[in-house]
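Peer 1: I am sharing my_file.cif, which consists of mmCIF, C-alpha atoms:
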```cif
data_entry
loop_
_atom_site.group_PDB
_atom_site.id
_atom_site.type_symbol
_atom_site.label_atom_id
_atom_site.label_comp_id
_atom_site.auth_asym_id
_atom_site.auth_seq_id
_atom_site.Cartn_x
_atom_site.Cartn_y
_atom_site.Cartn_z
ATOM 1 C CA MET J 1 9.690 94.859 -3.426
ATOM 2 C CA LEU J 2 8.803 93.033 -6.663
ATOM 3 C CA LYS J 3 12.415 93.262 -7.847
ATOM 4 C CA ALA J 4 13.659 91.815 -4.554
ATOM 5 C CA ARG J 5 11.123 88.987 -4.894
ATOM 6 C CA ARG J 6 12.312 88.194 -8.413
ATOM 7 C CA VAL J 7 15.958 88.156 -7.325
ATOM 8 C CA LEU J 8 15.168 85.816 -4.431
ATOM 9 C CA ASP J 9 13.149 83.496 -6.673
ATOM 10 C CA THR J 10 16.014 83.419 -9.179
ATOM 11 C CA LYS J 11 18.535 82.476 -6.492
ATOM 12 C CA LYS J 12 16.214 79.786 -5.125
ATOM 13 C CA LYS J 13 15.871 78.353 -8.635
ATOM 14 C CA GLU J 14 19.659 78.259 -9.043
ATOM 15 C CA ILE J 15 20.020 76.431 -5.737
ATOM 16 C CA GLU J 16 17.364 73.910 -6.762
ATOM 17 C CA GLU J 17 19.088 73.294 -10.112
ATOM 18 C CA ASN J 18 22.438 72.741 -8.388
ATOM 19 C CA LEU J 19 20.761 70.407 -5.923
ATOM 20 C CA LEU J 20 19.312 68.349 -8.768
ATOM 21 C CA HIS J 21 22.724 68.216 -10.421
ATOM 22 C CA LEU J 22 24.164 66.966 -7.142
ATOM 23 C CA VAL J 23 21.464 64.281 -6.997
ATOM 24 C CA SER J 24 22.473 63.133 -10.476
ATOM 25 C CA GLN J 25 26.150 62.985 -9.498
ATOM 26 C CA VAL J 26 25.415 61.010 -6.346
ATOM 27 C CA LYS J 27 23.074 58.587 -8.101
ATOM 28 C CA ASP J 28 25.700 57.917 -10.773
ATOM 29 C CA ALA J 29 28.343 57.297 -8.121
ATOM 30 C CA LEU J 30 26.077 54.900 -6.254
ATOM 31 C CA GLN J 31 25.226 52.932 -9.373
ATOM 32 C CA GLN J 32 28.806 52.836 -10.621
ATOM 33 C CA SER J 33 30.097 51.599 -7.264
ATOM 34 C CA VAL J 34 27.819 48.582 -7.582
ATOM 35 C CA VAL J 35 28.926 48.027 -11.174
ATOM 36 C CA CYS J 36 32.446 47.951 -9.739
ATOM 37 C CA LEU J 37 31.367 45.151 -7.428
ATOM 38 C CA SER J 38 29.646 43.033 -10.062
ATOM 39 C CA SER J 39 32.296 43.566 -12.740
ATOM 40 C CA GLY J 40 35.447 43.877 -10.639
ATOM 41 C CA GLU J 41 36.604 46.791 -12.802
ATOM 42 C CA LYS J 42 39.311 48.449 -10.737
ATOM 43 C CA ALA J 43 39.612 51.377 -13.170
ATOM 44 C CA LEU J 44 35.931 52.210 -12.631
ATOM 45 C CA CYS J 45 36.485 52.025 -8.874
ATOM 46 C CA GLY J 46 39.200 54.631 -9.264
ATOM 47 C CA THR J 47 36.872 56.863 -11.252
ATOM 48 C CA VAL J 48 34.179 56.713 -8.561
ATOM 49 C CA ILE J 49 36.708 57.601 -5.874
ATOM 50 C CA GLU J 50 38.181 60.432 -7.930
ATOM 51 C CA HIS J 51 34.792 61.969 -8.729
ATOM 52 C CA ASP J 52 33.856 62.153 -5.051
ATOM 53 C CA SER J 53 35.727 65.459 -4.841
ATOM 54 C CA GLN J 54 33.326 66.896 -7.430
ATOM 55 C CA ILE J 55 30.382 65.890 -5.250
ATOM 56 C CA ASN J 56 32.023 67.557 -2.270
ATOM 57 C CA GLU J 57 32.616 70.731 -4.266
ATOM 58 C CA LYS J 58 29.004 70.864 -5.454
ATOM 59 C CA ARG J 59 27.810 70.519 -1.864
ATOM 60 C CA ARG J 60 30.058 73.424 -0.822
ATOM 61 C CA LEU J 61 28.718 75.544 -3.679
ATOM 62 C CA ILE J 62 25.116 74.918 -2.648
ATOM 63 C CA GLU J 63 25.842 75.729 0.977
ATOM 64 C CA HIS J 64 27.659 78.918 0.003
ATOM 65 C CA ASP J 65 24.747 80.048 -2.158
ATOM 66 C CA CYS J 66 22.268 79.261 0.613
ATOM 67 C CA PHE J 67 24.236 81.227 3.186
ATOM 68 C CA MET J 68 24.563 84.173 0.786
ATOM 69 C CA VAL J 69 20.795 84.189 0.199
ATOM 70 C CA ILE J 70 20.167 84.222 3.947
ATOM 71 C CA ALA J 71 22.693 87.007 4.493
ATOM 72 C CA LEU J 72 21.636 89.230 1.591
ATOM 73 C CA HIS J 73 17.906 88.616 1.296
ATOM 74 C CA GLN J 74 16.918 87.654 4.851
ATOM 75 C CA PRO J 75 14.188 85.219 3.729
ATOM 76 C CA VAL J 76 11.399 84.292 6.128
ATOM 77 C CA SER J 77 8.657 81.687 6.410
ATOM 78 C CA HIS J 78 8.575 79.122 3.586
ATOM 79 C CA ASP J 79 11.460 80.820 1.732
ATOM 80 C CA LEU J 80 13.743 80.383 4.728
ATOM 81 C CA ARG J 81 12.645 76.777 5.220
ATOM 82 C CA GLU J 82 13.429 75.991 1.583
ATOM 83 C CA ILE J 83 16.923 77.450 1.908
ATOM 84 C CA VAL J 84 17.647 75.699 5.210
ATOM 85 C CA ALA J 85 16.312 72.403 3.845
ATOM 86 C CA ALA J 86 18.515 72.754 0.759
ATOM 87 C CA THR J 87 21.671 73.043 2.889
ATOM 88 C CA ARG J 88 20.695 69.965 4.904
ATOM 89 C CA ILE J 89 19.734 67.947 1.826
ATOM 90 C CA ALA J 90 23.040 68.808 0.167
ATOM 91 C CA GLY J 91 24.834 67.478 3.244
ATOM 92 C CA GLU J 92 22.900 64.211 3.151
ATOM 93 C CA LEU J 93 23.657 63.773 -0.540
ATOM 94 C CA GLU J 94 27.352 64.374 0.027
ATOM 95 C CA ARG J 95 27.380 61.593 2.614
ATOM 96 C CA ILE J 96 25.699 59.194 0.180
ATOM 97 C CA GLY J 97 28.486 60.056 -2.259
ATOM 98 C CA ASP J 98 30.984 59.168 0.457
ATOM 99 C CA TYR J 99 29.363 55.743 0.882
ATOM 100 C CA ALA J 100 29.628 55.126 -2.855
ATOM 101 C CA SER J 101 33.307 56.094 -2.804
ATOM 102 C CA ASP J 102 33.922 53.920 0.270
ATOM 103 C CA ASN J 103 32.302 50.943 -1.462
ATOM 104 C CA ALA J 104 34.488 51.453 -4.524
ATOM 105 C CA SER J 105 37.537 51.457 -2.232
ATOM 106 C CA ILE J 106 36.362 48.223 -0.620
ATOM 107 C CA VAL J 107 35.909 46.559 -4.015
ATOM 108 C CA MET J 108 39.505 47.440 -4.868
ATOM 109 C CA GLN J 109 40.591 45.331 -1.876
ATOM 110 C CA MET J 110 38.788 42.216 -3.110
ATOM 111 C CA ASP J 111 40.615 39.374 -4.775
ATOM 112 C CA GLY J 112 38.266 38.725 -7.688
ATOM 113 C CA THR J 113 36.669 35.621 -6.177
ATOM 114 C CA ASP J 114 33.123 34.865 -7.322
ATOM 115 C CA LEU J 115 30.664 36.591 -4.979
ATOM 116 C CA THR J 116 27.601 34.476 -5.703
ATOM 117 C CA GLU J 117 27.826 32.715 -2.347
ATOM 118 C CA LEU J 118 28.540 36.005 -0.583
ATOM 119 C CA GLY J 119 25.217 37.651 -1.277
ATOM 120 C CA ILE J 120 25.949 39.804 -4.292
ATOM 121 C CA GLU J 121 22.318 39.520 -5.407
ATOM 122 C CA SER J 122 21.179 40.935 -2.073
ATOM 123 C CA VAL J 123 23.666 43.790 -2.371
ATOM 124 C CA LEU J 124 22.438 44.572 -5.874
ATOM 125 C CA LYS J 125 18.869 44.606 -4.572
ATOM 126 C CA MET J 126 19.838 46.986 -1.765
ATOM 127 C CA SER J 127 21.508 49.264 -4.270
ATOM 128 C CA THR J 128 18.432 49.256 -6.498
ATOM 129 C CA LEU J 129 16.231 50.121 -3.528
ATOM 130 C CA SER J 130 18.580 52.939 -2.496
ATOM 131 C CA THR J 131 18.623 54.549 -5.937
ATOM 132 C CA ARG J 132 14.856 54.142 -6.231
ATOM 133 C CA MET J 133 14.425 55.904 -2.879
ATOM 134 C CA LEU J 134 16.657 58.698 -4.121
ATOM 135 C CA ASP J 135 14.543 59.115 -7.253
ATOM 136 C CA GLU J 136 11.297 59.041 -5.292
ATOM 137 C CA VAL J 137 12.346 61.504 -2.614
ATOM 138 C CA PHE J 138 13.407 64.056 -5.201
ATOM 139 C CA GLN J 139 10.146 63.667 -7.039
ATOM 140 C CA ALA J 140 8.541 64.498 -3.697
ATOM 141 C CA TYR J 141 10.867 67.500 -3.370
ATOM 142 C CA LEU J 142 10.102 68.814 -6.854
ATOM 143 C CA GLN J 143 6.375 68.158 -6.585
ATOM 144 C CA ARG J 144 6.276 69.593 -3.051
ATOM 145 C CA ASN J 145 4.480 66.403 -2.027
ATOM 146 C CA VAL J 146 4.585 65.575 1.691
ATOM 147 C CA GLU J 147 2.790 62.249 1.424
ATOM 148 C CA LYS J 148 5.162 61.043 -1.260
ATOM 149 C CA ALA J 149 8.120 61.966 0.942
ATOM 150 C CA LYS J 150 6.669 59.997 3.857
ATOM 151 C CA LYS J 151 5.909 57.024 1.617
ATOM 152 C CA THR J 152 9.469 57.058 0.306
ATOM 153 C CA ALA J 153 10.878 56.939 3.836
ATOM 154 C CA LYS J 154 8.989 53.712 4.491
ATOM 155 C CA MET J 155 10.979 52.017 1.721
ATOM 156 C CA ASP J 156 13.955 52.073 4.057
ATOM 157 C CA ASP J 157 12.358 49.163 5.938
ATOM 158 C CA ASP J 158 12.909 46.983 2.849
ATOM 159 C CA ILE J 159 16.598 47.868 2.779
ATOM 160 C CA ASP J 160 16.940 47.110 6.487
ATOM 161 C CA ALA J 161 15.223 43.741 6.059
ATOM 162 C CA GLU J 162 17.444 42.826 3.107
ATOM 163 C CA GLN J 163 20.565 43.729 5.059
ATOM 164 C CA ALA J 164 19.485 41.703 8.104
ATOM 165 C CA GLU J 165 18.946 38.628 5.934
ATOM 166 C CA LEU J 166 22.255 39.162 4.168
ATOM 167 C CA MET J 167 24.133 39.447 7.457
ATOM 168 C CA GLN J 168 22.831 36.060 8.557
ATOM 169 C CA LYS J 169 23.932 34.503 5.273
ATOM 170 C CA LEU J 170 27.380 36.047 5.469
ATOM 171 C CA PHE J 171 28.008 35.005 9.069
ATOM 172 C CA ALA J 172 26.965 31.459 8.200
ATOM 173 C CA ARG J 173 29.236 31.488 5.156
ATOM 174 C CA MET J 174 32.207 32.717 7.189
ATOM 175 C CA GLN J 175 31.740 29.798 9.583
ATOM 176 C CA SER J 176 31.513 27.190 6.827
ATOM 177 C CA ALA J 177 34.220 28.659 4.573
ATOM 178 C CA PRO J 178 36.899 30.458 6.615
ATOM 179 C CA ASP J 179 38.914 31.214 3.483
ATOM 180 C CA GLN J 180 36.102 33.546 2.380
ATOM 181 C CA VAL J 181 36.107 35.604 5.577
ATOM 182 C CA PRO J 182 38.008 38.579 4.068
ATOM 183 C CA ASN J 183 35.626 39.036 1.154
ATOM 184 C CA ALA J 184 32.582 38.257 3.310
ATOM 185 C CA SER J 185 33.655 40.952 5.773
ATOM 186 C CA ARG J 186 33.962 43.426 2.924
ATOM 187 C CA MET J 187 30.482 42.522 1.721
ATOM 188 C CA LEU J 188 29.223 43.270 5.215
ATOM 189 C CA TRP J 189 30.749 46.746 5.037
ATOM 190 C CA ILE J 190 29.299 47.359 1.592
ATOM 191 C CA SER J 191 25.835 46.336 2.774
ATOM 192 C CA HIS J 192 26.245 48.567 5.827
ATOM 193 C CA ASN J 193 27.036 51.538 3.593
ATOM 194 C CA LEU J 194 23.989 50.845 1.428
ATOM 195 C CA GLU J 195 21.823 50.600 4.532
ATOM 196 C CA ARG J 196 23.146 53.988 5.588
ATOM 197 C CA CYS J 197 22.228 55.369 2.160
ATOM 198 C CA GLY J 198 18.633 54.462 2.926
ATOM 199 C CA ASP J 199 18.896 56.276 6.241
ATOM 200 C CA ARG J 200 20.256 59.375 4.521
ATOM 201 C CA VAL J 201 17.410 59.387 1.993
ATOM 202 C CA THR J 202 14.998 59.113 4.921
ATOM 203 C CA ASN J 203 16.644 62.215 6.377
ATOM 204 C CA ILE J 204 16.047 63.986 3.080
ATOM 205 C CA ALA J 205 12.378 62.993 3.227
ATOM 206 C CA GLU J 206 12.223 64.554 6.691
ATOM 207 C CA GLN J 207 13.626 67.782 5.247
ATOM 208 C CA VAL J 208 10.917 67.805 2.568
ATOM 209 C CA VAL J 209 8.298 67.571 5.319
ATOM 210 C CA PHE J 210 10.025 70.361 7.277
ATOM 211 C CA MET J 211 10.213 72.544 4.183
ATOM 212 C CA LEU J 212 6.520 72.164 3.390
ATOM 213 C CA GLU J 213 4.862 71.879 6.776
ATOM 214 C CA ALA J 214 7.289 73.625 9.159
ATOM 215 C CA GLU J 215 7.293 70.425 11.194
ATOM 216 C CA VAL J 216 10.305 68.481 12.462
ATOM 217 C CA VAL J 217 9.524 64.771 12.123
ATOM 218 C CA GLU J 218 11.357 61.482 12.448
ATOM 219 C CA LEU J 219 10.360 59.075 9.708
ATOM 220 C CA ASP J 220 12.690 56.190 10.589
#
```
When written as structure tokens, how does the structure in this file appear?
Peer 2:
Amino acid sequence: MLKARRVLDTKKKEIEENLLHLVSQVKDALQQSVVCLSSGEKALCGTVIEHDSQINEKRRLIEHDCFMVIALHQPVSHDLREIVAATRIAGELERIGDYASDNASIVMQMDGTDLTELGIESVLKMSTLSTRMLDEVFQAYLQRNVEKAKKTAKMDDDIDAEQAELMQKLFARMQSAPDQVPNASRMLWISHNLERCGDRVTNIAEQVVFMLEAEVVELD
């Protein structure tokens, strides 16, 4: 029994370490995609897009390990919740990586025009909030802290408010400067993707609550 417990704990630790590595990959992708926007570096955009396959592969590895643990060790109670939560969290992280890759692709379509009047400062703020949420929710995960997870989810309101204000600015700009409609439309899509990042982090916070309290909650 003790040997089986040690083996299960070892596998859970491996899954957690892979999950944290995935967080690091996703955070880097998110930050680099915004650097692409502010710098216009097309080569960096290509790197972000290319590395998305590594994020996808890490997610598949985590899911495979989780399914193997369930099949071979038949965990119950909090052990099972931790494994199930890990598979769901990995899925949410993979989607955030997709948003980063999508934003890099959008930047590659831009024509290099100055984005000051198209809300780049608001987009940078949304990105900062998204990465901060990601940091905070994984501190909650590591610390097994339900209240911190719930507090992190509330930060999504700030991202939503920033996006709503940005949308108004962009629609007004498109009316006053029709020649900027293409880039303004792309900024709308980028802001939408960042808003969805906040939603995905909120989903992760919900999984932390599920893992710790065996309760399914909606924090949005």
Peer 1: Write out as a PyMOL selection string each polymer residue whose atoms come within 7 Å of region 110-125 of chain J, counting all atoms listed in the file; drop sequence neighbours fewer than 3 positions from it.
Peer 2: chain J and resi 34+40+106-107+128-129+162+166+170+183-184+191
Peer 1: Any chance you could resolve the PyMOL selection byres ((chain J and resi 24) around 12) against this file and give the residues as an MDAnalysis selection string?
Peer 2: chainID J and resid 17:23 25:31 54:55 58 93:94 96:97 131 134:135 138
Peer 1: Apply the PyMOL selection byres ((chain J and resi 6-12) around 8) to the structure shown and report the selected residues as a list in words.
Peer 2: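 Listing what the PyMOL selection byres ((chain J and resi 6-12) around 8) selects in the shown file: Leu2, Lys3, Ala4, Arg5, Lys13, Glu14, Ile15, Glu16, Asp65, Val69, His73 and Ile83 of chain J.
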Peer 1: Calculate how many Å separate CA of Asp179 (chain J) from CA of Met108 (chain J), rounding to one decimal.
Peer 2: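 That distance, rounded to one decimal, is 18.3 Å.
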Peer 1: When distances are computed from all atoms listed in the file, which of J:Leu72, J:Phe67, J:Ala100, J:Trp189 shows the smallest separation from Thr87 (chain J)?
Peer 2: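 Ranked by minimum distance to Thr87 (chain J), first place goes to J:Phe67.
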Peer 1: Quick one: residues within 12 Å of Asp160 (chain J), only C-alpha atoms counted, chain neighbours fewer than 2 positions away excluded, as a ChimeraX atom specification?
Peer 2: /J:122-123,125-127,129-130,153-158,162-167,191-199,220
Peer 1: Could you save the residues just selected, with C-alpha atoms, as a compact mmCIF listing (two decimals), keeping the file's coordinate frame?
Peer 2:
```txt
# COMPACT_ATOMS: atom_id res chain seq x y z
CA SER J 122 21.18 40.94 -2.07
CA VAL J 123 23.67 43.79 -2.37
CA LYS J 125 18.87 44.61 -4.57
CA MET J 126 19.84 46.99 -1.76
CA SER J 127 21.51 49.26 -4.27
CA LEU J 129 16.23 50.12 -3.53
CA SER J 130 18.58 52.94 -2.50
CA ALA J 153 10.88 56.94 3.84
CA LYS J 154 8.99 53.71 4.49
CA MET J 155 10.98 52.02 1.72
CA ASP J 156 13.96 52.07 4.06
CA ASP J 157 12.36 49.16 5.94
CA ASP J 158 12.91 46.98 2.85
CA GLU J 162 17.44 42.83 3.11
CA GLN J 163 20.56 43.73 5.06
CA ALA J 164 19.48 41.70 8.10
CA GLU J 165 18.95 38.63 5.93
CA LEU J 166 22.26 39.16 4.17
CA MET J 167 24.13 39.45 7.46
CA SER J 191 25.84 46.34 2.77
CA HIS J 192 26.24 48.57 5.83
CA ASN J 193 27.04 51.54 3.59
CA LEU J 194 23.99 50.84 1.43
CA GLU J 195 21.82 50.60 4.53
CA ARG J 196 23.15 53.99 5.59
CA CYS J 197 22.23 55.37 2.16
CA GLY J 198 18.63 54.46 2.93
CA ASP J 199 18.90 56.28 6.24
CA ASP J 220 12.69 56.19 10.59
```
Peer 1: Would you list the contacts of region 202-216 of chain J as a JSON list (two decimals) with C-alpha atoms, in the coordinates of the input, taking every protein, DNA or RNA residue within 8 Å and counting all atoms listed in the file, but skipping same-chain residues closer than 6 positions in sequence?
Peer 2:
```json
[["chain", "number", "residue", "atom", "x", "y", "z"],
["J", 78, "HIS", "CA", 8.57, 79.12, 3.59],
["J", 81, "ARG", "CA", 12.64, 76.78, 5.22],
["J", 82, "GLU", "CA", 13.43, 75.99, 1.58],
["J", 85, "ALA", "CA", 16.31, 72.40, 3.84],
["J", 88, "ARG", "CA", 20.70, 69.96, 4.90],
["J", 89, "ILE", "CA", 19.73, 67.95, 1.83],
["J", 92, "GLU", "CA", 22.90, 64.21, 3.15],
["J", 137, "VAL", "CA", 12.35, 61.50, -2.61],
["J", 140, "ALA", "CA", 8.54, 64.50, -3.70],
["J", 141, "TYR", "CA", 10.87, 67.50, -3.37],
["J", 144, "ARG", "CA", 6.28, 69.59, -3.05],
["J", 146, "VAL", "CA", 4.58, 65.58, 1.69],
["J", 149, "ALA", "CA", 8.12, 61.97, 0.94],
["J", 150, "LYS", "CA", 6.67, 60.00, 3.86],
["J", 152, "THR", "CA", 9.47, 57.06, 0.31],
["J", 153, "ALA", "CA", 10.88, 56.94, 3.84],
["J", 156, "ASP", "CA", 13.96, 52.07, 4.06]]
```
Peer 1: Any idea what the distance is between CA of Ala90 (chain J) and CA of Arg59 (chain J)?
Peer 2: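 Distance reported for this atom pair: 5.5 Å.
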Peer 1: To one decimal place, how far is CA of Leu37 (chain J) from CA of Gln109 (chain J) in Å?
Peer 2: 10.8 Å
Peer 1: Pick from J:Gln180, J:Val201, J:Ser53, J:Ala172: nearest to Lys151 (chain J), with all atoms listed in the file counted?
Peer 2: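 Using all atoms listed in the file, the shortest distance to Lys151 (chain J) belongs to J:Val201.
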Peer 1: Point out the residue among J:Ser38, J:Ser33, J:Asn145, J:Ser77 with the least atom-to-atom distance to Ala104 (chain J), counting only C-alpha atoms.
Peer 2: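 Answer, going by the shortest atom-to-atom distance: J:Ser33.
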Peer 1: Write out as a PyMOL selection string which residues come within 9 Å of Val181 (chain J) when counting all atoms listed in the file, dropping same-chain ones fewer than 6 positions away.
Peer 2: chain J and resi 170-171+173-175
Peer 1: Keeping only C-alpha atoms, write the selected residues to a file as a PDB file, keeping the file's coordinate frame.
Peer 2:
```
ATOM      1  CA  LEU J 170      27.380  36.047   5.469  1.00  0.00           C
ATOM      2  CA  PHE J 171      28.008  35.005   9.069  1.00  0.00           C
ATOM      3  CA  ARG J 173      29.236  31.488   5.156  1.00  0.00           C
ATOM      4  CA  MET J 174      32.207  32.717   7.189  1.00  0.00           C
ATOM      5  CA  GLN J 175      31.740  29.798   9.583  1.00  0.00           C
TER       6      GLN J 175
END
```
Peer 1: Do a neighbour search on Gly46 (chain J) at 10 Å with only C-alpha atoms, toss out local chain neighbours closer than 3 positions, and write the hits as a PyMOL selection string.
Peer 2: chain J and resi 33+36+41-43+49-51+101+104-105+108
Peer 1: Dump C-alpha atoms for the selected residues as a short mmCIF file (atom, residue, chain, number, x, y, z; two decimals), in the coordinates of the input?
Peer 2:
```
data_model
loop_
_atom_site.label_atom_id
_atom_site.label_comp_id
_atom_site.auth_asym_id
_atom_site.auth_seq_id
_atom_site.Cartn_x
_atom_site.Cartn_y
_atom_site.Cartn_z
CA SER J 33 30.10 51.60 -7.26
CA CYS J 36 32.45 47.95 -9.74
CA GLU J 41 36.60 46.79 -12.80
CA LYS J 42 39.31 48.45 -10.74
CA ALA J 43 39.61 51.38 -13.17
CA ILE J 49 36.71 57.60 -5.87
CA GLU J 50 38.18 60.43 -7.93
CA HIS J 51 34.79 61.97 -8.73
CA SER J 101 33.31 56.09 -2.80
CA ALA J 104 34.49 51.45 -4.52
CA SER J 105 37.54 51.46 -2.23
CA MET J 108 39.51 47.44 -4.87
#
```
